[in-house]
file input-v2.txt (compact mmCIF, C-alpha atoms and all ligand atoms)
# COMPACT_ATOMS: atom_id res chain seq x y z
CA MET A 1 0.00 0.00 0.00
CA SER A 2 2.76 2.46 0.83
CA ALA A 3 4.79 1.94 -2.31
CA ILE A 4 5.07 5.20 -4.26
CA HIS A 5 4.99 5.35 -8.02
CA LEU A 6 5.73 8.55 -9.91
CA GLN A 7 4.52 8.22 -13.50
CA ASN A 8 5.64 10.73 -16.15
CA LEU A 9 5.59 13.42 -13.48
CA VAL A 10 6.14 16.97 -14.77
CA LYS A 11 6.09 20.25 -12.87
CA LYS A 12 6.19 23.65 -14.54
CA PHE A 13 6.15 27.07 -12.90
CA GLY A 14 5.02 29.30 -15.77
CA ASP A 15 7.54 28.72 -18.59
CA PHE A 16 10.07 27.17 -16.25
CA THR A 17 10.16 23.38 -16.03
CA ALA A 18 11.26 22.41 -12.52
CA LEU A 19 10.77 18.67 -13.13
CA LYS A 20 11.04 16.94 -16.50
CA THR A 21 9.12 13.67 -16.92
CA MET A 22 10.10 11.77 -13.81
CA ASP A 23 9.40 8.03 -13.59
CA LEU A 24 10.27 6.47 -10.29
CA ALA A 25 9.08 3.46 -8.31
CA ILE A 26 9.78 3.52 -4.56
CA ALA A 27 9.10 0.16 -2.88
CA ASP A 28 7.01 -0.33 0.25
CA GLY A 29 9.35 0.11 3.24
CA GLU A 30 12.20 1.50 1.16
CA PHE A 31 14.44 4.38 2.27
CA MET A 32 14.88 6.47 -0.88
CA ALA A 33 17.08 9.57 -0.96
CA LEU A 34 16.46 12.30 -3.54
CA LEU A 35 19.95 13.75 -4.01
CA GLY A 36 21.17 16.64 -6.14
CA PRO A 37 22.46 20.20 -6.09
CA SER A 38 20.35 23.17 -5.07
CA GLY A 39 17.53 23.86 -7.52
CA CYS A 40 17.52 20.40 -9.14
CA GLY A 41 13.85 19.81 -8.28
CA LYS A 42 14.11 17.61 -5.17
CA SER A 43 11.75 19.63 -2.99
CA THR A 44 9.32 20.13 -5.86
CA THR A 45 9.12 16.34 -6.28
CA MET A 46 8.69 15.87 -2.54
CA ASN A 47 6.00 18.54 -2.32
CA MET A 48 4.01 16.79 -5.04
CA ILE A 49 4.26 13.46 -3.16
CA ALA A 50 3.05 15.26 -0.01
CA GLY A 51 0.17 16.93 -1.84
CA MET A 52 1.42 20.49 -1.31
CA GLU A 53 1.91 21.00 -5.06
CA GLU A 54 -0.18 19.60 -7.90
CA PRO A 55 1.73 18.06 -10.84
CA THR A 56 1.44 19.86 -14.18
CA SER A 57 1.06 16.42 -15.73
CA GLY A 58 1.67 12.82 -14.79
CA LYS A 59 0.49 10.81 -11.82
CA ILE A 60 1.46 9.84 -8.30
CA LEU A 61 0.25 6.47 -7.02
CA PHE A 62 0.41 5.21 -3.44
CA GLY A 63 0.12 1.48 -3.95
CA GLU A 64 -2.55 1.23 -6.65
CA ARG A 65 -4.31 4.42 -5.56
CA ASP A 66 -4.08 7.54 -7.72
CA MET A 67 -3.37 10.52 -5.48
CA THR A 68 -4.47 13.15 -8.00
CA GLY A 69 -6.63 15.67 -6.15
CA VAL A 70 -6.21 13.94 -2.75
CA PRO A 71 -5.45 16.70 -0.21
CA MET A 72 -2.34 16.54 1.95
CA GLY A 73 -4.24 15.70 5.14
CA ARG A 74 -5.74 12.59 3.56
CA ARG A 75 -2.54 11.15 2.11
CA GLY A 76 -1.31 9.56 5.34
CA VAL A 77 2.14 11.09 5.03
CA GLY A 78 4.39 12.45 7.78
CA PHE A 79 6.54 15.42 6.85
CA VAL A 80 9.66 16.93 8.45
CA PHE A 81 11.16 20.12 7.03
CA GLN A 82 14.54 21.81 7.31
CA ASN A 83 13.00 24.29 9.73
CA TYR A 84 11.52 22.39 12.63
CA ALA A 85 7.82 23.11 12.93
CA ILE A 86 6.96 22.74 16.59
CA PHE A 87 4.95 24.63 19.19
CA THR A 88 7.49 26.57 21.25
CA HIS A 89 5.02 27.40 24.07
CA MET A 90 4.44 23.69 24.73
CA SER A 91 6.65 21.13 26.47
CA VAL A 92 8.38 18.35 24.54
CA ARG A 93 5.76 15.92 25.90
CA GLN A 94 2.88 18.12 24.71
CA ASN A 95 4.48 18.51 21.29
CA LEU A 96 4.88 14.75 20.91
CA ALA A 97 1.37 14.07 22.18
CA TYR A 98 -0.25 16.68 19.93
CA GLY A 99 -0.97 14.50 16.87
CA PRO A 100 -2.36 11.43 18.68
CA LYS A 101 -4.46 13.75 20.90
CA MET A 102 -5.96 15.49 17.86
CA ARG A 103 -6.87 12.06 16.53
CA GLY A 104 -8.66 11.31 19.81
CA ALA A 105 -6.33 8.54 21.05
CA PRO A 106 -6.97 7.46 24.69
CA LYS A 107 -4.64 8.98 27.31
CA ALA A 108 -2.98 5.68 28.23
CA GLU A 109 -2.22 5.02 24.56
CA ILE A 110 -0.82 8.54 24.10
CA ASP A 111 1.41 8.15 27.18
CA ARG A 112 2.72 4.82 25.92
CA ARG A 113 3.50 6.17 22.45
CA VAL A 114 5.10 9.37 23.76
CA GLY A 115 7.27 7.30 26.10
CA ALA A 116 8.39 4.96 23.32
CA ILE A 117 9.22 7.67 20.80
CA ALA A 118 10.98 9.81 23.43
CA GLU A 119 13.10 6.80 24.40
CA MET A 120 14.02 6.13 20.79
CA LEU A 121 15.02 9.75 20.12
CA GLN A 122 16.72 10.21 23.50
CA LEU A 123 14.19 12.82 24.58
CA THR A 124 13.06 11.14 27.81
CA PRO A 125 15.00 13.45 30.20
CA LEU A 126 13.67 16.49 28.30
CA LEU A 127 9.97 15.56 28.19
CA ASP A 128 8.86 18.28 30.59
CA ARG A 129 11.07 21.04 29.20
CA LYS A 130 9.42 23.92 27.36
CA ALA A 131 10.39 23.81 23.69
CA ASP A 132 11.49 27.47 23.62
CA ARG A 133 14.42 26.56 25.90
CA LEU A 134 15.84 23.85 23.67
CA SER A 135 18.71 23.96 21.14
CA VAL A 136 18.11 23.74 17.40
CA ASN A 137 19.48 20.18 17.46
CA ILE A 138 16.95 19.04 20.02
CA LEU A 139 14.10 20.94 18.38
CA GLN A 140 14.70 19.04 15.15
CA ARG A 141 14.68 15.78 17.12
CA VAL A 142 11.29 16.78 18.60
CA ALA A 143 9.99 17.64 15.12
CA ILE A 144 11.01 14.19 13.86
CA GLY A 145 9.39 12.61 16.90
CA ARG A 146 6.18 14.55 16.36
CA SER A 147 5.83 13.19 12.85
CA ALA A 148 7.09 9.69 13.64
CA ILE A 149 4.62 9.22 16.52
CA MET A 150 1.77 9.27 14.00
CA GLU A 151 3.36 6.17 12.43
CA PRO A 152 2.69 7.36 8.90
CA ALA A 153 3.04 4.71 6.23
CA ILE A 154 5.02 7.27 4.22
CA PHE A 155 7.53 9.55 5.89
CA LEU A 156 8.88 12.52 3.92
CA LEU A 157 11.93 14.43 5.15
CA ASP A 158 13.19 17.54 3.37
CA GLU A 159 16.77 18.41 4.38
CA PRO A 160 15.93 17.73 8.06
CA LEU A 161 19.55 17.91 9.21
CA SER A 162 20.87 20.92 7.32
CA ASN A 163 20.41 23.34 10.26
CA VAL A 164 21.90 21.11 12.94
CA ASP A 165 25.62 20.99 13.76
CA ALA A 166 28.00 18.46 12.22
CA ALA A 167 28.44 16.22 15.27
CA PHE A 168 24.68 16.02 15.85
CA ARG A 169 24.10 15.34 12.15
CA ALA A 170 26.30 12.24 12.41
CA VAL A 171 24.29 11.00 15.41
CA MET A 172 20.97 11.70 13.68
CA ARG A 173 21.99 9.82 10.54
CA THR A 174 22.23 6.65 12.63
CA GLU A 175 19.04 7.38 14.58
CA LEU A 176 16.92 8.11 11.53
CA LYS A 177 18.06 4.89 9.91
CA GLN A 178 17.19 2.96 13.08
CA LEU A 179 13.82 4.68 13.27
CA GLN A 180 13.01 3.65 9.73
CA ARG A 181 14.19 0.05 10.32
CA GLN A 182 11.92 -0.18 13.34
CA PHE A 183 8.75 1.25 11.74
CA ARG A 184 9.45 -0.03 8.20
CA GLN A 185 7.82 3.07 6.71
CA THR A 186 8.50 4.13 3.18
CA MET A 187 10.88 7.01 3.65
CA VAL A 188 11.72 9.67 1.09
CA TYR A 189 14.60 11.86 2.15
CA VAL A 190 15.60 15.02 0.28
CA THR A 191 19.22 16.10 0.63
CA HIS A 192 22.06 17.78 -1.21
CA ASP A 193 24.52 16.02 1.11
CA GLN A 194 25.78 12.82 -0.48
CA LEU A 195 27.09 11.53 2.84
CA GLU A 196 23.54 11.54 4.24
CA ALA A 197 22.23 9.80 1.14
CA MET A 198 25.06 7.25 1.04
CA THR A 199 24.87 6.33 4.73
CA MET A 200 21.10 6.07 5.15
CA ALA A 201 19.36 5.26 1.89
CA ASP A 202 18.56 1.85 0.43
CA ARG A 203 18.61 3.55 -2.96
CA ILE A 204 19.48 7.03 -4.18
CA THR A 205 17.75 9.00 -6.93
CA VAL A 206 20.32 11.45 -8.30
CA MET A 207 18.82 14.55 -9.95
CA ASP A 208 20.15 17.57 -11.82
CA HIS A 209 18.28 20.46 -13.47
CA GLY A 210 14.91 18.75 -13.05
CA VAL A 211 16.13 15.57 -14.71
CA LEU A 212 16.52 12.16 -13.07
CA GLN A 213 20.12 11.08 -13.70
CA GLN A 214 20.35 7.67 -12.04
CA VAL A 215 18.59 5.47 -9.50
CA GLY A 216 20.64 2.89 -7.66
CA THR A 217 22.01 1.63 -4.38
CA PRO A 218 24.71 3.82 -2.82
CA LEU A 219 27.41 1.47 -4.14
CA GLU A 220 25.89 1.32 -7.62
CA VAL A 221 25.91 5.09 -8.06
CA TYR A 222 29.43 5.29 -6.60
CA ASN A 223 30.92 2.37 -8.56
CA ASP A 224 28.97 2.64 -11.80
CA PRO A 225 27.82 6.20 -12.41
CA ALA A 226 25.47 6.34 -15.38
CA ASN A 227 26.96 9.57 -16.64
CA VAL A 228 29.54 12.28 -16.06
CA PHE A 229 27.25 14.30 -13.78
CA VAL A 230 26.81 11.39 -11.34
CA ALA A 231 30.53 10.51 -11.59
CA ARG A 232 31.49 14.03 -10.49
CA PHE A 233 28.69 14.57 -7.99
CA ILE A 234 29.07 11.30 -6.05
CA GLY A 235 32.30 10.88 -4.12
CA ALA A 236 34.33 13.42 -2.19
CA PRO A 237 36.29 14.32 -4.20
CA GLY A 238 34.32 13.24 -7.29
CA MET A 239 35.61 10.95 -10.02
CA ASN A 240 38.63 12.12 -12.03
CA LEU A 241 37.84 12.53 -15.74
CA LEU A 242 40.54 12.99 -18.37
CA ARG A 243 39.77 13.73 -22.02
CA GLY A 244 41.30 11.49 -24.69
CA ARG A 245 40.74 9.21 -27.67
CA PRO A 246 40.64 5.41 -27.81
CA ALA A 247 43.77 3.96 -29.47
CA GLU A 248 44.96 0.44 -30.28
CA SER A 249 48.30 -0.57 -28.78
CA ASP A 250 50.21 -3.84 -28.75
CA ARG A 251 49.03 -4.32 -25.14
CA GLY A 252 45.36 -3.80 -26.02
CA LEU A 253 42.95 -0.88 -26.28
CA VAL A 254 44.15 2.23 -24.41
CA VAL A 255 43.08 5.87 -24.20
CA ASP A 256 45.48 8.39 -25.71
CA LEU A 257 45.44 11.33 -23.30
CA GLY A 258 47.60 13.58 -25.53
CA PRO A 259 50.40 15.28 -23.56
CA LEU A 260 49.72 13.00 -20.56
CA GLY A 261 50.58 9.92 -22.62
CA VAL A 262 48.50 6.78 -22.90
CA THR A 263 46.58 4.96 -20.20
CA PRO A 264 47.15 1.32 -19.22
CA PRO A 265 45.00 -1.09 -21.32
CA LEU A 266 41.28 -0.78 -20.58
CA PRO A 267 39.49 -3.54 -18.63
CA VAL A 268 37.81 -6.14 -20.91
CA GLU A 269 34.18 -5.09 -20.18
CA ILE A 270 34.95 -1.54 -21.21
CA THR A 271 37.14 -2.46 -24.19
CA ALA A 272 34.15 -4.06 -25.92
CA ALA A 273 32.11 -0.84 -25.65
CA VAL A 274 34.94 1.55 -26.54
CA ARG A 275 36.63 -0.32 -29.41
CA GLY A 276 35.87 1.35 -32.73
CA VAL A 277 34.79 4.65 -31.17
CA ARG A 278 36.35 7.55 -33.05
CA GLY A 279 35.19 10.49 -30.98
CA GLU A 280 36.58 11.78 -27.71
CA VAL A 281 36.04 9.92 -24.46
CA LEU A 282 36.53 10.75 -20.80
CA TYR A 283 38.77 8.34 -18.91
CA GLY A 284 37.44 8.14 -15.35
CA PHE A 285 38.87 6.78 -12.11
CA ARG A 286 38.18 7.33 -8.42
CA PRO A 287 40.72 9.42 -6.45
CA GLU A 288 40.63 6.77 -3.70
CA GLN A 289 41.53 4.00 -6.13
CA VAL A 290 44.94 5.27 -7.16
CA THR A 291 48.44 4.12 -6.17
CA LEU A 292 51.84 5.72 -6.73
CA ALA A 293 53.80 3.93 -9.44
CA GLU A 294 57.27 3.87 -10.97
CA SER A 295 58.05 6.08 -13.92
CA GLY A 296 56.53 4.70 -17.14
CA ARG A 297 53.89 2.68 -15.25
CA GLY A 298 51.21 5.33 -14.85
CA LEU A 299 50.25 8.95 -15.50
CA SER A 300 53.07 11.35 -14.77
CA MET A 301 51.73 14.68 -13.44
CA PRO A 302 52.99 17.69 -11.47
CA VAL A 303 51.86 18.05 -7.84
CA ASN A 304 50.07 21.40 -7.44
CA PHE A 305 48.65 21.18 -3.95
CA VAL A 306 48.90 18.85 -0.98
CA GLU A 307 45.80 18.76 1.22
CA ARG A 308 46.33 16.87 4.48
CA ILE A 309 42.97 15.94 6.01
CA GLY A 310 44.13 13.75 8.90
CA ALA A 311 43.47 10.13 8.02
CA ARG A 312 44.31 10.68 4.34
CA THR A 313 46.10 13.17 2.11
CA ILE A 314 44.53 14.55 -1.08
CA ILE A 315 47.13 15.27 -3.75
CA HIS A 316 46.03 17.72 -6.48
CA LEU A 317 47.83 16.98 -9.75
CA GLY A 318 47.96 18.79 -13.11
CA ASP A 319 45.65 21.68 -13.94
CA GLY A 320 42.77 22.85 -16.12
CA GLU A 321 41.04 20.00 -17.98
CA ALA A 322 43.93 17.71 -17.04
CA ALA A 323 43.55 18.15 -13.28
CA VAL A 324 43.03 15.09 -11.10
CA LYS A 325 43.07 14.25 -7.40
CA ALA A 326 44.56 11.25 -5.64
CA VAL A 327 43.58 10.28 -2.10
CA LEU A 328 46.66 8.64 -0.55
CA ASP A 329 48.02 7.70 2.88
CA ASN A 330 48.40 10.54 5.36
CA ASP A 331 52.21 10.21 5.47
CA VAL A 332 52.71 10.28 1.69
CA ALA A 333 56.01 12.06 0.95
CA LEU A 334 55.00 14.34 -1.92
CA SER A 335 55.26 18.10 -2.08
CA VAL A 336 54.28 20.88 -4.47
CA GLY A 337 56.53 21.06 -7.53
CA GLN A 338 57.39 17.35 -7.57
CA THR A 339 56.18 15.02 -10.30
CA ALA A 340 54.07 12.05 -9.21
CA VAL A 341 53.30 8.96 -11.24
CA ILE A 342 49.83 7.67 -10.45
CA ALA A 343 48.26 4.37 -11.48
CA PRO A 344 44.46 4.00 -11.30
CA ALA A 345 43.31 0.55 -10.13
CA ALA A 346 42.10 -1.29 -13.25
CA GLN A 347 38.75 -2.27 -11.67
CA SER A 348 37.93 1.38 -10.91
CA VAL A 349 38.40 2.64 -14.46
CA ARG A 350 35.25 3.88 -16.25
CA VAL A 351 34.97 5.47 -19.69
CA PHE A 352 32.34 8.02 -20.75
CA ASP A 353 31.35 9.31 -24.18
CA ALA A 354 32.62 12.91 -24.16
CA ALA A 355 29.79 14.07 -26.45
CA THR A 356 26.83 12.57 -24.56
CA GLY A 357 28.40 12.22 -21.10
CA LEU A 358 27.04 8.65 -20.86
CA ALA A 359 28.99 5.73 -19.39
CA MET A 360 30.29 3.28 -22.00
CA LYS A 361 30.04 -0.36 -21.08
CA ALA A 362 29.21 -3.63 -22.76
CA GLY A 363 25.66 -4.93 -22.80
P1 LIG A 401 16.93 23.45 -2.84
O1 LIG A 401 17.68 22.42 -2.06
O2 LIG A 401 17.70 24.69 -3.10
O3 LIG A 401 15.53 23.70 -2.32
P2 LIG A 401 15.73 21.74 -4.80
O4 LIG A 401 16.48 20.71 -5.57
O5 LIG A 401 14.86 21.24 -3.71
O6 LIG A 401 16.75 22.81 -4.28
P3 LIG A 401 13.36 22.96 -5.81
O7 LIG A 401 13.08 23.72 -4.57
O8 LIG A 401 12.54 21.77 -6.11
O9 LIG A 401 14.90 22.55 -5.85
O10 LIG A 401 13.29 23.96 -7.04
C1 LIG A 401 13.54 23.56 -8.38
C2 LIG A 401 13.47 24.78 -9.26
O11 LIG A 401 12.12 25.24 -9.32
C3 LIG A 401 14.30 25.95 -8.77
O12 LIG A 401 14.91 26.57 -9.88
C4 LIG A 401 13.30 26.85 -8.11
O13 LIG A 401 13.71 28.20 -8.19
C5 LIG A 401 12.05 26.61 -8.93
N1 LIG A 401 10.83 26.79 -8.14
C6 LIG A 401 10.46 26.09 -7.05
N2 LIG A 401 9.27 26.51 -6.57
C7 LIG A 401 8.86 27.51 -7.40
C8 LIG A 401 7.69 28.33 -7.47
N3 LIG A 401 6.70 28.22 -6.58
N4 LIG A 401 7.64 29.24 -8.46
C9 LIG A 401 8.61 29.36 -9.37
N5 LIG A 401 9.73 28.60 -9.38
C10 LIG A 401 9.87 27.68 -8.42

call {"tool": "encode", "arguments": {"input": "input-v2.txt", "output": "structure tokens", "more": "lines below"}}
Ligand code: ATP
result
Amino acid sequence: MSAIHLQNLVKKFGDFTALKTMDLAIADGEFMALLGPSGCGKSTTMNMIAGMEEPTSGKILFGERDMTGVPMGRRGVGFVFQNYAIFTHMSVRQNLAYGPKMRGAPKAEIDRRVGAIAEMLQLTPLLDRKADRLSVNILQRVAIGRSAIMEPAIFLLDEPLSNVDAAFRAVMRTELKQLQRQFRQTMVYVTHDQLEAMTMADRITVMDHGVLQQVGTPLEVYNDPANVFVARFIGAPGMNLLRGRPAESDRGLVVDLGPLGVTPPLPVEITAAVRGVRGEVLYGFRPEQVTLAESGRGLSMPVNFVERIGARTIIHLGDGEAAVKAVLDNDVALSVGQTAVIAPAAQSVRVFDAATGLAMKAG
């Protein structure tokens, strides 16, 4: 019943198309993240699921039921926004109890549910505090509790953690995931933060400029980006992409990167898709999947910046279109001005069509 199906969903604001023909099936009990940069249409999509915006065309189904024209209050969805919406003159207990009370639940039942949700969200010691004396972090926890206590079959969260501090965000990522596991609701979570999407979601819908780019598990979108946008957007730093042309060599098919030389032979699955291509391609590899190599055994590039981030060191190599990053051990002995030879791990190499931006692979 609480599966969500978006069918050919389009949203226009005047001449501006905020969402272009979105087709998406979210399974019952699934945690789906809508991920993309600011303005890509995430909130617009969410607002249509909630019933706050009507689609320009297309349909939204909950299970088999068409939601067209069904008002927000009758959709059975819980909603948590970036800005916590709670009653500041009430206590935490009163805020949590508000929804069940409005529905006419018996007092004993309300007390039991408030107790359980407060325990889960670590609000028990704060139950009798007035909300206007609580920090932003705790207020957002209360807002989540206030929606969760209604046990909605569909739970929609729009950037719920963007106003809370970094340490609290890390705690809440774990708690929200546990909350969803416990209630098994269908959860749709809007974020521009890939870490939130990667750590919590069963699947991620990556969007850009109102267009769905890829739907997949966190590892699928990281390992096998469908296109250049996803390759760059997922990962911190994003995938390295170097422009070149496929070329035959006596070792197999390689990519000729011009002044940077030629790459090692391409993995077999990619060779089949790239062989015979005459146009330019983008040779992609993850910064984390790079090792330092001997001269002649990798790409030789000048070190332009050394960024030490504690556990790892990010080496910035080359510049302009031929700039790449390598994430190496924290004690790597490289400094600005030196030349490094880097070898991408063969299994991490991906090739994209430079004209269309699409990943090239067999089958
Ligand atoms: P953000 O995280 O910044 O909210 P988003 O991905 O959620 O980004 P949306 O809020 O869905 O993006 O907005 C998508 C586009 O639609 C934006 O360009 C926005 O300016 C535009 N837009 C949204 N609501 C309206 C509206 N009511 N009228 C006109 N344009 C709108």

call {"tool": "atom_distance", "arguments": {"input": "input-v2.txt", "atom1": "CA of Asp256 (chain A)", "atom2": "CA of Gly298 (chain A)"}}
result
12.7 Å

call {"tool": "closest_atom_pairs", "arguments": {"input": "input-v2.txt", "of": "chain A", "to": "ligand LIG 401 (chain A)", "cutoff": "12 Å", "atoms": "all atoms listed in the file", "output": "tab-separated table"}}
result
residue	atom	partner	partner_atom	distance
A:Val10	CA	A:LIG401	O11	11.6
A:Lys11	CA	A:LIG401	O11	8.6
A:Lys12	CA	A:LIG401	N5	8.0
A:Phe13	CA	A:LIG401	C9	4.9
A:Gly14	CA	A:LIG401	C9	7.3
A:Asp15	CA	A:LIG401	C9	9.3
A:Phe16	CA	A:LIG401	N5	7.0
A:Thr17	CA	A:LIG401	O11	7.2
A:Ala18	CA	A:LIG401	O11	4.4
A:Leu19	CA	A:LIG401	C1	7.4
A:Lys20	CA	A:LIG401	C1	10.8
A:Leu34	CA	A:LIG401	O4	8.7
A:Leu35	CA	A:LIG401	O4	7.9
A:Gly36	CA	A:LIG401	O4	6.2
A:Pro37	CA	A:LIG401	O4	6.0
A:Ser38	CA	A:LIG401	O2	3.6
A:Gly39	CA	A:LIG401	O9	3.4
A:Cys40	CA	A:LIG401	O4	3.7
A:Gly41	CA	A:LIG401	O8	3.2
A:Lys42	CA	A:LIG401	O4	3.9
A:Ser43	CA	A:LIG401	O5	3.6
A:Thr44	CA	A:LIG401	O8	3.6
A:Thr45	CA	A:LIG401	O8	6.4
A:Met46	CA	A:LIG401	O8	7.9
A:Asn47	CA	A:LIG401	O8	8.2
A:Met48	CA	A:LIG401	O8	9.9
A:Met52	CA	A:LIG401	N3	10.7
A:Glu53	CA	A:LIG401	N3	8.8
A:Glu54	CA	A:LIG401	N3	11.1
A:Phe81	CA	A:LIG401	O3	10.9
A:Gln82	CA	A:LIG401	O3	9.9
A:Leu157	CA	A:LIG401	O5	11.6
A:Asp158	CA	A:LIG401	O5	8.2
A:Glu159	CA	A:LIG401	O1	7.6
A:Pro160	CA	A:LIG401	O1	11.3
A:Ser162	CA	A:LIG401	O1	10.0
A:Tyr189	CA	A:LIG401	O5	11.1
A:Val190	CA	A:LIG401	O5	7.4
A:Thr191	CA	A:LIG401	O1	7.0
A:His192	CA	A:LIG401	O1	6.4
A:Asp193	CA	A:LIG401	O1	9.9
A:Thr205	CA	A:LIG401	O4	11.9
A:Val206	CA	A:LIG401	O4	10.4
A:Met207	CA	A:LIG401	O4	7.9
A:Asp208	CA	A:LIG401	O4	7.9
A:His209	CA	A:LIG401	C1	7.6
A:Gly210	CA	A:LIG401	C1	6.8
A:Val211	CA	A:LIG401	O4	10.5
A:Leu212	CA	A:LIG401	O4	11.4

call {"tool": "atom_distance", "arguments": {"input": "input-v2.txt", "atom1": "CA of Lys325 (chain A)", "atom2": "CA of Ile270 (chain A)"}}
result
22.5 Å

call {"tool": "residues_around", "arguments": {"input": "input-v2.txt", "residues": "region 257-261 of chain A", "least_positions_apart": "6", "cutoff": "7 Å", "atoms": "all atoms listed in the file", "output": "list in words"}}
result
Arg243, Gly244, Arg245, Leu299 and Ser300 of chain A

call {"tool": "atom_distance", "arguments": {"input": "input-v2.txt", "atom1": "CA of Ser2 (chain A)", "atom2": "CA of Gln194 (chain A)"}}
result
25.3 Å

call {"tool": "closest_residue", "arguments": {"input": "input-v2.txt", "among": "A:Ala148, A:Ile154, A:Val303, A:Ala116", "to": "Gly76 (chain A)", "atoms": "all atoms listed in the file"}}
result
A:Ile154

call {"tool": "residues_around", "arguments": {"input": "input-v2.txt", "residues": "Val349 (chain A)", "least_positions_apart": "5", "cutoff": "8 Å", "atoms": "only C-alpha atoms", "output": "PyMOL selection string"}}
result
chain A and resi 266-267+283-286+344

call {"tool": "write_last_selection", "arguments": {"input": "input-v2.txt", "atoms": "C-alpha atoms", "output": "mmCIF file, in the coordinates of the input"}}
result
data_model
loop_
_atom_site.group_PDB
_atom_site.id
_atom_site.type_symbol
_atom_site.label_atom_id
_atom_site.label_comp_id
_atom_site.auth_asym_id
_atom_site.auth_seq_id
_atom_site.Cartn_x
_atom_site.Cartn_y
_atom_site.Cartn_z
ATOM 1 C CA LEU A 266 41.280 -0.780 -20.580
ATOM 2 C CA PRO A 267 39.490 -3.540 -18.630
ATOM 3 C CA TYR A 283 38.770 8.340 -18.910
ATOM 4 C CA GLY A 284 37.440 8.140 -15.350
ATOM 5 C CA PHE A 285 38.870 6.780 -12.110
ATOM 6 C CA ARG A 286 38.180 7.330 -8.420
ATOM 7 C CA PRO A 344 44.460 4.000 -11.300
#

call {"tool": "closest_residue", "arguments": {"input": "input-v2.txt", "among": "A:Gly51, A:Gly104, A:Pro246, A:Gly296", "to": "Ala354 (chain A)", "atoms": "all atoms listed in the file"}}
result
A:Pro246

call {"tool": "residues_near_point", "arguments": {"input": "input-v2.txt", "point": "(21.5, 20.8, 12.4)", "cutoff": "10 Å", "atoms": "all atoms listed in the file", "output": "list of chain:residue names"}}
result
A:Gln82, A:Asn83, A:Ser135, A:Val136, A:Asn137, A:Ile138, A:Leu139, A:Gln140, A:Arg141, A:Glu159, A:Pro160, A:Leu161, A:Ser162, A:Asn163, A:Val164, A:Asp165, A:Ala166, A:Ala167, A:Phe168, A:Arg169, A:Ala170, A:Met172

call {"tool": "residues_near_point", "arguments": {"input": "input-v2.txt", "point": "(6.5, 13.8, 8.6)", "cutoff": "6 Å", "atoms": "all atoms listed in the file", "output": "ChimeraX atom specification"}}
result
/A:78-80,147,155-156

call {"tool": "axis_aligned_box", "arguments": {"input": "input-v2.txt", "around": "region 225-243 of chain A", "padding_each_side": "5 Å", "output": "JSON"}}
result
{"center_x": 33.0, "center_y": 10.4, "center_z": -12.1, "size_x": 25.1, "size_y": 18.4, "size_z": 29.8}
